[in-house]
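Enquirer: My structure file protein24.csv, CSV, C-alpha atoms and all ligand atoms, is below:
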```
chain,number,residue,atom,x,y,z
A,1035,MET,CA,-14.7,32.9,97.5
A,1036,VAL,CA,-16.7,35.6,99.1
A,1037,ASN,CA,-16.7,35.6,103.0
A,1038,GLY,CA,-15.9,31.9,102.9
A,1039,LEU,CA,-18.8,31.1,100.5
A,1040,CYS,CA,-18.0,29.7,97.1
A,1041,LEU,CA,-19.8,31.7,94.5
A,1042,VAL,CA,-20.9,29.6,91.5
A,1043,ILE,CA,-22.3,31.4,88.5
A,1044,ILE,CA,-24.1,29.1,86.1
A,1045,MET,CA,-24.2,30.7,82.7
A,1046,GLU,CA,-27.3,29.7,80.8
A,1047,ASP,CA,-26.6,28.6,77.2
A,1048,ASP,CA,-28.9,31.0,75.3
A,1049,ARG,CA,-27.4,30.4,71.8
A,1050,LYS,CA,-29.7,29.6,69.0
A,1051,VAL,CA,-29.0,27.4,66.0
A,1052,SER,CA,-28.4,29.5,62.9
A,1053,ILE,CA,-28.8,28.6,59.2
A,1054,GLU,CA,-25.0,28.7,58.8
A,1055,ASP,CA,-24.7,25.9,61.5
A,1056,GLY,CA,-25.8,23.5,58.8
A,1057,ALA,CA,-24.2,25.1,55.8
A,1058,GLY,CA,-21.1,23.0,55.5
A,1059,GLY,CA,-18.6,25.7,56.3
A,1060,GLU,CA,-16.6,26.9,59.4
A,1061,LEU,CA,-19.6,27.3,61.7
A,1062,MET,CA,-20.9,23.8,61.0
A,1063,GLU,CA,-17.4,22.5,61.7
A,1064,GLN,CA,-17.5,24.3,65.1
A,1065,LEU,CA,-20.9,22.9,65.9
A,1066,ILE,CA,-19.7,19.3,65.2
A,1067,THR,CA,-16.4,19.7,67.0
A,1068,ASN,CA,-17.8,21.4,70.1
A,1069,GLU,CA,-21.2,19.9,70.6
A,1070,ILE,CA,-21.3,16.5,68.8
A,1071,LEU,CA,-17.9,14.9,68.9
A,1072,PRO,CA,-17.3,15.2,72.6
A,1073,LEU,CA,-20.4,13.0,73.2
A,1074,PHE,CA,-20.1,10.4,70.4
A,1075,LYS,CA,-16.4,10.2,69.6
A,1076,THR,CA,-15.1,6.6,69.6
A,1077,GLU,CA,-11.7,5.0,69.1
A,1078,GLU,CA,-13.2,2.1,67.1
A,1079,GLY,CA,-13.4,1.9,63.4
A,1080,GLU,CA,-10.8,2.5,60.6
A,1081,ILE,CA,-12.3,5.8,59.5
A,1082,ARG,CA,-14.1,7.2,62.5
A,1083,LEU,CA,-16.7,9.9,63.3
A,1084,ASP,CA,-14.0,12.4,64.3
A,1085,ASP,CA,-12.2,12.0,61.0
A,1086,LEU,CA,-15.2,13.9,59.5
A,1087,ASP,CA,-14.8,12.1,56.2
A,1088,ASP,CA,-17.6,11.6,53.7
A,1089,SER,CA,-18.3,8.1,55.2
A,1090,ALA,CA,-17.1,6.1,58.1
A,1091,VAL,CA,-15.5,2.6,57.9
A,1092,PHE,CA,-16.4,0.2,60.7
A,1093,GLU,CA,-15.6,-3.5,60.6
A,1094,GLU,CA,-14.9,-3.3,56.8
A,1095,VAL,CA,-18.3,-1.7,56.2
A,1096,VAL,CA,-18.5,1.8,54.7
A,1097,PHE,CA,-21.4,3.7,56.3
A,1098,THR,CA,-22.8,7.1,55.7
A,1099,THR,CA,-26.0,9.1,56.3
A,1100,ASP,CA,-27.5,12.4,55.0
A,1101,SER,CA,-30.7,14.4,55.5
A,1102,HIS,CA,-32.0,16.3,52.5
A,1103,THR,CA,-34.0,19.5,52.9
A,1104,VAL,CA,-33.5,21.0,49.5
A,1105,LYS,CA,-35.9,23.8,48.6
A,1106,PRO,CA,-37.5,23.7,46.0
A,1107,ILE,CA,-37.9,20.0,46.1
A,1108,PHE,CA,-38.2,19.9,42.3
A,1109,PHE,CA,-35.6,21.6,40.3
A,1110,SER,CA,-34.2,21.4,36.8
A,1111,GLY,CA,-32.1,18.2,36.5
A,1112,GLY,CA,-33.6,16.4,39.5
A,1113,ASN,CA,-35.6,16.5,42.8
A,1114,ILE,CA,-35.1,15.5,46.4
A,1115,GLY,CA,-35.5,11.8,45.5
A,1116,SER,CA,-32.7,11.6,43.0
A,1117,LEU,CA,-30.6,14.0,45.1
A,1118,SER,CA,-30.8,11.8,48.2
A,1119,ILE,CA,-29.8,8.6,46.5
A,1120,CYS,CA,-27.0,10.2,44.5
A,1121,GLY,CA,-25.6,12.0,47.6
A,1122,THR,CA,-25.4,8.8,49.5
A,1123,ILE,CA,-23.8,6.9,46.7
A,1124,ASN,CA,-21.2,9.6,46.1
A,1125,ASP,CA,-20.3,9.8,49.8
A,1126,ILE,CA,-19.6,6.0,49.8
A,1127,LEU,CA,-17.5,6.3,46.6
A,1128,ALA,CA,-15.5,9.1,48.0
A,1129,LEU,CA,-13.9,6.7,50.6
A,1130,GLY,CA,-13.1,4.2,47.9
A,1131,GLY,CA,-16.2,2.2,48.7
A,1132,LEU,CA,-18.6,0.5,46.4
A,1133,PRO,CA,-22.2,1.2,47.4
A,1134,VAL,CA,-24.2,-1.9,48.3
A,1135,ALA,CA,-27.6,-0.9,49.8
A,1136,ILE,CA,-29.5,2.1,51.0
A,1137,ALA,CA,-32.1,2.9,53.7
A,1138,SER,CA,-34.4,5.8,53.2
A,1139,ALA,CA,-36.7,7.7,55.6
A,1140,LEU,CA,-39.3,10.3,54.5
A,1141,VAL,CA,-41.0,12.9,56.6
A,1142,LEU,CA,-44.0,14.4,54.7
A,1143,PRO,CA,-46.2,17.4,55.6
A,1144,GLU,CA,-49.9,16.6,55.8
A,1145,GLY,CA,-51.5,17.7,52.5
A,1146,PHE,CA,-48.5,17.0,50.3
A,1147,PRO,CA,-49.8,15.9,46.9
A,1148,TYR,CA,-49.6,12.2,46.1
A,1149,SER,CA,-48.6,13.0,42.5
A,1150,GLN,CA,-45.5,14.8,43.8
A,1151,LEU,CA,-44.7,12.0,46.2
A,1152,LYS,CA,-44.8,9.5,43.3
A,1153,SER,CA,-42.5,11.6,41.2
A,1154,ILE,CA,-39.9,11.8,44.1
A,1155,LEU,CA,-40.1,8.1,44.6
A,1156,GLU,CA,-39.8,7.3,40.9
A,1157,SER,CA,-36.8,9.5,40.5
A,1158,ALA,CA,-35.1,7.8,43.5
A,1159,ALA,CA,-36.0,4.4,42.1
A,1160,GLU,CA,-34.6,5.3,38.7
A,1161,ILE,CA,-31.1,6.1,40.2
A,1162,CYS,CA,-31.3,2.8,42.2
A,1163,LYS,CA,-32.0,0.9,38.9
A,1164,GLU,CA,-29.3,2.8,37.0
A,1165,THR,CA,-26.6,2.1,39.7
A,1166,GLY,CA,-27.8,-1.3,40.9
A,1167,VAL,CA,-27.9,-0.1,44.5
A,1168,PRO,CA,-31.3,-1.1,46.0
A,1169,VAL,CA,-33.2,0.6,48.8
A,1170,ILE,CA,-33.6,-2.2,51.3
A,1171,ALA,CA,-35.1,-0.5,54.4
A,1172,GLY,CA,-37.2,2.6,55.0
A,1173,ASP,CA,-39.6,4.6,57.1
A,1174,THR,CA,-42.4,7.1,56.4
A,1175,LYS,CA,-43.8,9.7,58.8
A,1176,VAL,CA,-46.3,12.5,58.3
A,1177,VAL,CA,-46.5,15.7,60.4
A,1178,GLY,CA,-49.0,18.5,60.5
A,1179,ARG,CA,-48.9,21.0,57.7
A,1180,ASP,CA,-48.0,23.8,60.0
A,1181,ASP,CA,-45.0,21.9,61.3
A,1182,LEU,CA,-43.1,21.3,58.1
A,1183,ASP,CA,-43.2,23.2,54.8
A,1184,GLU,CA,-41.7,20.5,52.5
A,1185,PRO,CA,-40.7,16.8,52.7
A,1186,ILE,CA,-37.4,15.9,54.3
A,1187,MET,CA,-35.6,12.7,53.1
A,1188,THR,CA,-32.9,11.0,55.1
A,1189,THR,CA,-30.8,8.4,53.3
A,1190,SER,CA,-28.2,6.1,54.7
A,1191,GLY,CA,-26.0,3.8,52.8
A,1192,ILE,CA,-23.6,1.0,53.3
A,1193,GLY,CA,-20.7,-0.1,51.0
A,1194,ARG,CA,-17.8,-2.4,50.7
A,1195,ARG,CA,-14.2,-1.8,49.8
A,1196,HIS,CA,-14.0,-1.1,46.1
A,1197,ARG,CA,-12.5,-4.0,44.2
A,1198,LEU,CA,-10.2,-1.6,42.3
A,1199,LEU,CA,-8.8,0.0,45.5
A,1200,ASP,CA,-5.9,-2.4,45.5
A,1201,ASN,CA,-4.4,-0.5,42.6
A,1202,ASN,CA,-3.9,2.2,45.1
A,1203,PHE,CA,-1.5,0.8,47.4
A,1204,GLU,CA,1.0,3.7,47.7
A,1205,LEU,CA,0.7,7.4,48.3
A,1206,ALA,CA,3.1,10.1,47.1
A,1207,GLY,CA,4.8,10.2,50.5
A,1208,GLY,CA,5.5,6.5,50.3
A,1209,ARG,CA,2.8,5.8,53.0
A,1210,LYS,CA,0.3,3.0,52.3
A,1211,THR,CA,-3.4,3.3,52.7
A,1212,ARG,CA,-6.5,1.1,52.7
A,1213,TRP,CA,-9.0,3.8,52.1
A,1214,LEU,CA,-9.3,7.2,50.4
A,1215,SER,CA,-9.2,9.7,53.1
A,1216,ASP,CA,-9.0,13.5,53.6
A,1217,LYS,CA,-5.7,12.9,55.4
A,1218,ASN,CA,-3.9,11.2,52.5
A,1219,LEU,CA,-2.7,14.1,50.4
A,1220,ASN,CA,1.1,14.6,49.8
A,1221,VAL,CA,3.3,17.1,48.1
A,1222,GLY,CA,3.2,16.5,44.3
A,1223,ASP,CA,-0.4,15.1,44.2
A,1224,LYS,CA,-2.4,16.6,41.3
A,1225,ILE,CA,-6.0,17.8,41.9
A,1226,ILE,CA,-8.5,16.6,39.4
A,1227,LEU,CA,-12.0,18.1,39.2
A,1228,SER,CA,-14.5,15.8,37.3
A,1229,GLY,CA,-16.4,18.6,35.6
A,1230,THR,CA,-18.0,22.1,35.8
A,1231,ILE,CA,-18.4,23.8,39.1
A,1232,GLY,CA,-21.4,25.5,40.8
A,1233,ASP,CA,-24.2,24.1,38.6
A,1234,HIS,CA,-26.4,22.6,41.4
A,1235,GLY,CA,-26.1,25.6,43.8
A,1236,MET,CA,-26.8,28.2,41.1
A,1237,THR,CA,-29.8,26.2,39.8
A,1238,ILE,CA,-31.4,26.0,43.2
A,1239,LEU,CA,-30.8,29.7,43.9
A,1240,SER,CA,-32.1,30.8,40.5
A,1241,GLU,CA,-35.2,28.6,40.7
A,1242,ARG,CA,-36.0,29.5,44.3
A,1243,GLU,CA,-35.5,33.2,43.8
A,1244,GLY,CA,-37.0,33.3,40.3
A,1245,TYR,CA,-33.9,34.7,38.5
A,1246,GLY,CA,-34.0,34.2,34.8
A,1247,PHE,CA,-30.4,33.5,33.8
A,1248,GLU,CA,-29.8,32.7,30.2
A,1249,GLY,CA,-28.4,29.3,29.4
A,1250,ASP,CA,-28.8,25.6,30.1
A,1251,ILE,CA,-29.7,26.0,33.8
A,1252,LYS,CA,-29.6,22.5,35.2
A,1253,SER,CA,-28.4,20.8,38.4
A,1254,ASP,CA,-25.6,18.3,38.0
A,1255,VAL,CA,-27.1,15.7,40.4
A,1256,SER,CA,-25.7,12.3,39.3
A,1257,PRO,CA,-24.2,9.1,40.8
A,1258,LEU,CA,-20.5,9.0,40.1
A,1259,LEU,CA,-19.7,5.3,39.9
A,1260,ASP,CA,-18.3,5.7,36.4
A,1261,VAL,CA,-15.9,8.5,37.4
A,1262,MET,CA,-14.6,6.5,40.4
A,1263,ASP,CA,-14.3,3.3,38.5
A,1264,ALA,CA,-12.2,5.1,35.8
A,1265,ALA,CA,-9.9,6.7,38.4
A,1266,LEU,CA,-9.4,3.6,40.6
A,1267,SER,CA,-8.8,1.4,37.6
A,1268,VAL,CA,-5.7,3.5,36.8
A,1269,GLY,CA,-4.7,3.8,40.5
A,1270,GLY,CA,-2.6,6.3,42.4
A,1271,VAL,CA,-5.7,8.0,43.9
A,1272,ALA,CA,-5.0,9.4,47.4
A,1273,ALA,CA,-8.3,11.0,48.2
A,1274,ALA,CA,-11.7,11.8,46.6
A,1275,LYS,CA,-14.5,14.1,47.8
A,1276,ASP,CA,-17.7,15.3,46.4
A,1277,PRO,CA,-17.8,19.1,46.8
A,1278,THR,CA,-21.3,19.5,48.2
A,1279,ARG,CA,-22.1,22.2,50.8
A,1280,GLY,CA,-19.4,24.9,50.9
A,1281,GLY,CA,-18.3,23.9,47.4
A,1282,LEU,CA,-14.8,23.4,46.0
A,1283,ALA,CA,-13.4,26.0,48.4
A,1284,ASN,CA,-14.5,23.9,51.4
A,1285,THR,CA,-13.3,20.6,50.0
A,1286,LEU,CA,-9.8,21.9,49.2
A,1287,ASN,CA,-9.5,23.6,52.6
A,1288,GLU,CA,-10.6,20.4,54.4
A,1289,TRP,CA,-7.9,18.5,52.6
A,1290,ALA,CA,-5.3,21.1,53.3
A,1291,LYS,CA,-6.1,21.2,57.0
A,1292,LYS,CA,-6.4,17.4,57.6
A,1293,SER,CA,-3.4,16.5,55.4
A,1294,GLU,CA,-1.4,19.4,56.7
A,1295,ILE,CA,-0.4,20.5,53.2
A,1296,GLY,CA,-0.9,23.4,50.8
A,1297,ILE,CA,-2.8,23.4,47.5
A,1298,GLU,CA,-2.3,25.7,44.6
A,1299,VAL,CA,-5.2,26.0,42.2
A,1300,ASP,CA,-5.0,27.5,38.7
A,1301,GLU,CA,-8.3,29.5,38.3
A,1302,SER,CA,-8.2,29.3,34.5
A,1303,LYS,CA,-8.3,25.5,34.7
A,1304,ILE,CA,-11.5,25.3,36.7
A,1305,PRO,CA,-14.3,24.3,34.4
A,1306,ILE,CA,-17.3,26.5,34.7
A,1307,ARG,CA,-20.4,27.1,32.6
A,1308,SER,CA,-20.8,30.7,31.3
A,1309,TRP,CA,-24.3,31.0,32.9
A,1310,VAL,CA,-22.9,30.0,36.3
A,1311,GLU,CA,-20.1,32.5,36.0
A,1312,SER,CA,-22.4,35.4,35.1
A,1313,ALA,CA,-24.9,34.4,37.7
A,1314,GLY,CA,-22.2,34.4,40.3
A,1315,GLU,CA,-20.9,37.9,39.2
A,1316,LEU,CA,-24.5,39.3,39.2
A,1317,LEU,CA,-25.4,37.9,42.7
A,1318,GLY,CA,-22.0,38.4,44.3
A,1319,ILE,CA,-21.7,34.7,45.0
A,1320,ASP,CA,-18.4,32.9,44.4
A,1321,PRO,CA,-19.3,29.6,42.4
A,1322,LEU,CA,-16.3,28.0,44.3
A,1323,ASN,CA,-18.2,28.3,47.6
A,1324,ILE,CA,-21.5,26.8,46.3
A,1325,GLY,CA,-22.6,23.1,46.4
A,1326,ASN,CA,-22.3,20.5,43.6
A,1327,GLU,CA,-24.1,17.2,43.5
A,1328,GLY,CA,-22.5,15.4,40.6
A,1329,LYS,CA,-18.8,16.2,40.8
A,1330,MET,CA,-15.8,14.6,42.4
A,1331,VAL,CA,-12.5,16.2,43.3
A,1332,ILE,CA,-9.8,13.6,43.1
A,1333,ALA,CA,-6.2,13.8,44.4
A,1334,VAL,CA,-3.8,11.7,42.4
A,1335,HIS,CA,-0.2,10.7,42.6
A,1336,PRO,CA,1.7,12.8,40.0
A,1337,SER,CA,2.8,9.7,38.0
A,1338,ARG,CA,-0.8,8.7,37.4
A,1339,ALA,CA,-2.5,12.0,37.1
A,1340,ASP,CA,-2.6,12.3,33.3
A,1341,LYS,CA,-3.9,8.7,32.9
A,1342,VAL,CA,-6.6,9.2,35.5
A,1343,LEU,CA,-7.6,12.4,33.8
A,1344,GLY,CA,-7.8,10.6,30.4
A,1345,GLY,CA,-9.9,7.7,32.0
A,1346,VAL,CA,-12.3,10.1,33.8
A,1347,ARG,CA,-12.8,12.1,30.6
A,1348,GLU,CA,-14.1,9.0,28.8
A,1349,THR,CA,-16.9,8.6,31.3
A,1350,GLU,CA,-20.4,10.1,31.0
A,1351,HIS,CA,-20.1,12.2,34.2
A,1352,GLY,CA,-16.4,13.2,33.8
A,1353,LYS,CA,-16.3,14.6,30.2
A,1354,HIS,CA,-15.2,18.0,31.3
A,1355,ALA,CA,-12.6,16.9,33.9
A,1356,GLU,CA,-9.5,19.0,34.3
A,1357,ILE,CA,-6.3,19.0,36.5
A,1358,ILE,CA,-7.0,22.2,38.4
A,1359,GLY,CA,-4.0,22.3,40.7
A,1360,GLU,CA,-1.5,20.5,42.9
A,1361,VAL,CA,-0.2,20.0,46.4
A,1362,VAL,CA,2.9,22.2,46.7
A,1363,GLU,CA,5.7,22.6,49.2
A,1364,ASP,CA,6.1,25.6,51.5
A,1365,LEU,CA,2.5,26.5,51.6
A,1366,THR,CA,-0.4,26.0,54.0
A,1367,GLY,CA,-4.0,26.4,53.0
A,1368,VAL,CA,-5.3,26.9,49.5
A,1369,VAL,CA,-4.1,29.6,47.1
A,1370,LEU,CA,-5.8,30.5,43.9
A,1371,LYS,CA,-3.7,31.7,40.9
A,1372,THR,CA,-6.1,34.1,39.3
A,1373,GLU,CA,-6.6,34.5,35.5
A,1374,VAL,CA,-5.1,38.0,35.6
A,1375,GLY,CA,-1.9,36.7,37.1
A,1376,GLY,CA,-2.5,37.4,40.8
A,1377,ARG,CA,-2.7,35.1,43.8
A,1378,ARG,CA,-5.4,35.0,46.5
A,1379,ILE,CA,-6.1,32.8,49.4
A,1380,LEU,CA,-9.1,30.7,48.9
A,1381,GLU,CA,-10.6,30.5,52.3
A,1382,THR,CA,-13.0,28.1,54.0
A,1383,PRO,CA,-16.4,29.7,53.5
A,1384,ILE,CA,-18.3,30.5,56.7
A,1385,GLY,CA,-21.1,28.5,55.2
A,1386,ASP,CA,-22.6,27.7,51.8
A,1387,PRO,CA,-24.1,31.0,50.6
A,1388,VAL,CA,-27.3,29.2,49.6
A,1389,PRO,CA,-29.2,27.5,52.4
A,1390,ARG,CA,-31.3,24.4,51.9
A,1391,ILE,CA,-29.3,23.4,48.8
A,1392,CYS,CA,-29.3,19.6,49.5
B,1,MG,MG,-19.6,14.3,50.6
```
Would you kindly transcribe this structure into structure tokens?
Ligand code: MG

Expert:
Amino acid sequence: MVNGLCLVIIMEDDRKVSIEDGAGGELMEQLITNEILPLFKTEEGEIRLDDLDDSAVFEEVVFTTDSHTVKPIFFSGGNIGSLSICGTINDILALGGLPVAIASALVLPEGFPYSQLKSILESAAEICKETGVPVIAGDTKVVGRDDLDEPIMTTSGIGRRHRLLDNNFELAGGRKTRWLSDKNLNVGDKIILSGTIGDHGMTILSEREGYGFEGDIKSDVSPLLDVMDAALSVGGVAAAKDPTRGGLANTLNEWAKKSEIGIEVDESKIPIRSWVESAGELLGIDPLNIGNEGKMVIAVHPSRADKVLGGVRETEHGKHAEIIGEVVEDLTGVVLKTEVGGRRILETPIGDPVPRIC
């Protein structure tokens, strides 16, 4: 109050969106928590928007959506078409859902070659055929060539409760669950990684920047129905998550935070291709922070972990699976036991070090 007048200072919001706001790490979480959730949060649904899981569950329907802005749109092992469909399928699987149908929307820049458009659509259709999940709705828009550099593909998917989820009735803490959720982990759970880490992110980076790494440089983009079928048919699965933006580090930290537990990871057990490892060293990028598009991290009751691992290893997409760690007592966050015998905290990355990765 100044001389009886109320002084109101209105601060203008002059913040600008940064690349990290969409990079799957801490800054993206802040954007969602501070700007989006206050407006759209709802108390309805079994797995809700503010659970920030891979999909939501609303009236028994598993529902998810993702925009894809990967650059370059064509890369070794896939393109934006296969990536979009696989990403949506994997997000539904991560909840213990079985994908049923997909809607897909394309925004194309004027002048985009028809031949490339056909390749993208054919790759998407191939994944639909392989998985038996059809695209049943869609939209196409074209914008001026100065307004967009490359196509954007937005894919939404619905799913049902996986028929094998009933094997999963009890968690390590004795609690019962109907869905796989980030909140479900308990002390004793083993952490299974379905294969090598960092392949997608490093492929995108090396192809975008023109680095010539030696080795079989290829993205891992794949639909993981076989991996989840194998895991759920054994049972004891508490949670599953595809480590996309922010990589394995982000996935494990999300679990630790939401389940209020601590995870210890044995670095020597994390499967990694030699070219990914040397690319990471050369570029100063930790492969644990970088996105994957064909991997699942699965938390399993200790009594079933070896059987789940065996089952996953028999699948096409889970051959290199390993138990990489476990939920331990008296720990919060994620700790990495290094190969030289040390221990370091594996932090939530600020954002994926590679923008436009998916
Ligand atoms: Mg996901």

Enquirer: When you count only C-alpha atoms and all ligand atoms, which of these residues is closest to ligand MG 1 (chain B): A:Asp1260, A:Asp1125, A:Glu1350, A:Asp1055?

Expert: A:Asp1125

Enquirer: Enumerate as a PyMOL selection string the residues within 8 Å of ligand MG 1 (chain B), counting all atoms listed in the file.

Expert: chain A and resi 1087-1089+1121+1124-1125+1128+1275-1278

Enquirer: What does the structure give for the distance between atom CA of Leu1227 of chain A and atom CA of Leu1322 of chain A, in Å to one decimal?

Expert: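 Here the two named atoms are 11.9 Å from each other.
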
Enquirer: Can you list, as a PDB file with C-alpha atoms, in the frame of the given file, every protein, DNA or RNA residue that comes within 6 Å of Val1334 of chain A when you count all atoms listed in the file, leaving out same-chain residues fewer than 2 positions away?

Expert:
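Result file is around_33.pdb:
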```
ATOM      1  CA  ASP A1223      -0.400  15.100  44.200  1.00  0.00           C
ATOM      2  CA  LYS A1224      -2.400  16.600  41.300  1.00  0.00           C
ATOM      3  CA  GLY A1270      -2.600   6.300  42.400  1.00  0.00           C
ATOM      4  CA  VAL A1271      -5.700   8.000  43.900  1.00  0.00           C
ATOM      5  CA  ALA A1272      -5.000   9.400  47.400  1.00  0.00           C
ATOM      6  CA  ALA A1339      -2.500  12.000  37.100  1.00  0.00           C
TER       7      ALA A1339
END
```

Enquirer: Write out as a PyMOL selection string the residues lying within 9 Å of Thr1099 of chain A, counting only C-alpha atoms and excluding same-chain residues fewer than 5 positions away.

Expert: chain A and resi 1089+1122+1125+1188-1192

Enquirer: For Gly1235 of chain A, which residue out of A:Gly1352, A:Pro1168, A:Gly1296, A:Gly1281 is the nearest one, using all atoms listed in the file?

Expert: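 Closest to Gly1235 of chain A of all the choices is A:Gly1281.
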
Enquirer: Within 9 Å of (-11.4, 14.3, 50.2) in the file's own coordinates, which protein, DNA or RNA residues have an atom, counting only C-alpha atoms? List them as a list in words.

Expert: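 Taken together, the residues in range are Asp1087, Asp1088, Ala1128, Leu1129, Leu1214, Ser1215, Asp1216, Lys1217, Asn1218, Leu1219, Ala1272, Ala1273, Ala1274, Lys1275, Asp1276, Pro1277, Thr1285, Leu1286, Glu1288, Trp1289, Met1330, Val1331, Ile1332 and Ala1333 of chain A.
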
Enquirer: (-32.8, 19.4, 41.3) in this file's frame - what residues fall within 9 Å of it? Use all atoms listed in the file and give the answer as a PyMOL selection string.

Expert: chain A and resi 1104+1106-1114+1116-1117+1234+1237-1238+1252-1255+1392

Enquirer: Write out as a ChimeraX atom specification the residues lying within 6 Å of Val1167 of chain A, counting only C-alpha atoms and excluding same-chain residues fewer than 4 positions away.

Expert: /A:1134-1135,1162

Enquirer: Restricting the calculation to only C-alpha atoms: of A:Leu1365, A:Val1310, A:Ala1057, A:Val1346, which residue gets closest to Leu1258 of chain A?

Expert: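 Once distances to Leu1258 of chain A are computed over only C-alpha atoms, the minimum belongs to A:Val1346.
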
Enquirer: Show which residues sit within 12 Å of Pro1336 of chain A, as a PyMOL selection string. Count only C-alpha atoms, and ignore same-chain residues fewer than 6 positions away.

Expert: chain A and resi 1204-1207+1219-1226+1269-1272+1342-1343+1357+1359-1362

Enquirer: Hey, can you spit out that residue selection with C-alpha atoms as an mmCIF file, keeping the file's coordinate frame?

Expert:
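Full text of selection23.cif as output:
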```
data_model
loop_
_atom_site.group_PDB
_atom_site.id
_atom_site.type_symbol
_atom_site.label_atom_id
_atom_site.label_comp_id
_atom_site.auth_asym_id
_atom_site.auth_seq_id
_atom_site.Cartn_x
_atom_site.Cartn_y
_atom_site.Cartn_z
ATOM 1 C CA GLU A 1204 1.000 3.700 47.700
ATOM 2 C CA LEU A 1205 0.700 7.400 48.300
ATOM 3 C CA ALA A 1206 3.100 10.100 47.100
ATOM 4 C CA GLY A 1207 4.800 10.200 50.500
ATOM 5 C CA LEU A 1219 -2.700 14.100 50.400
ATOM 6 C CA ASN A 1220 1.100 14.600 49.800
ATOM 7 C CA VAL A 1221 3.300 17.100 48.100
ATOM 8 C CA GLY A 1222 3.200 16.500 44.300
ATOM 9 C CA ASP A 1223 -0.400 15.100 44.200
ATOM 10 C CA LYS A 1224 -2.400 16.600 41.300
ATOM 11 C CA ILE A 1225 -6.000 17.800 41.900
ATOM 12 C CA ILE A 1226 -8.500 16.600 39.400
ATOM 13 C CA GLY A 1269 -4.700 3.800 40.500
ATOM 14 C CA GLY A 1270 -2.600 6.300 42.400
ATOM 15 C CA VAL A 1271 -5.700 8.000 43.900
ATOM 16 C CA ALA A 1272 -5.000 9.400 47.400
ATOM 17 C CA VAL A 1342 -6.600 9.200 35.500
ATOM 18 C CA LEU A 1343 -7.600 12.400 33.800
ATOM 19 C CA ILE A 1357 -6.300 19.000 36.500
ATOM 20 C CA GLY A 1359 -4.000 22.300 40.700
ATOM 21 C CA GLU A 1360 -1.500 20.500 42.900
ATOM 22 C CA VAL A 1361 -0.200 20.000 46.400
ATOM 23 C CA VAL A 1362 2.900 22.200 46.700
#
```

Enquirer: For Thr1165 of chain A, which of A:Asp1320, A:Ile1119, A:Ile1304, A:Glu1094 is the closest residue, counting only C-alpha atoms?

Expert: A:Ile1119

Enquirer: Using all atoms listed in the file, which residue out of A:His1196, A:His1102, A:Arg1242, A:Arg1347 lies closest to Leu1127 of chain A?

Expert: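 Result for the nearest residue to Leu1127 of chain A: A:His1196.
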
Enquirer: Please report the interatomic distance between atom CA of Arg1194 of chain A and atom CA of Ile1126 of chain A in Å with one decimal.

Expert: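 Separation of atom CA of Arg1194 of chain A and atom CA of Ile1126 of chain A: 8.6 Å.
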
Enquirer: Which residues are near Ile1324 of chain A? Cut-off 7 Å, all atoms listed in the file, ignore same chain within fewer than 2 positions. Put them as a PyMOL selection string.

Expert: chain A and resi 1232+1235+1279-1281+1321-1322+1326+1386-1387

Enquirer: Quick one: pull the distance between atom CA of Leu1140 of chain A and atom CA of Ile1161 of chain A, Å, one decimal.

Expert: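 So the answer is 17.0 Å.
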
Enquirer: In terms of the shortest atom-to-atom distance over all atoms listed in the file, which of A:Asp1100, A:Glu1311, A:Glu1078, A:Asp1183 is closest to Gly1056 of chain A?

Expert: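 Of all the options, A:Asp1100 lies closest to Gly1056 of chain A.
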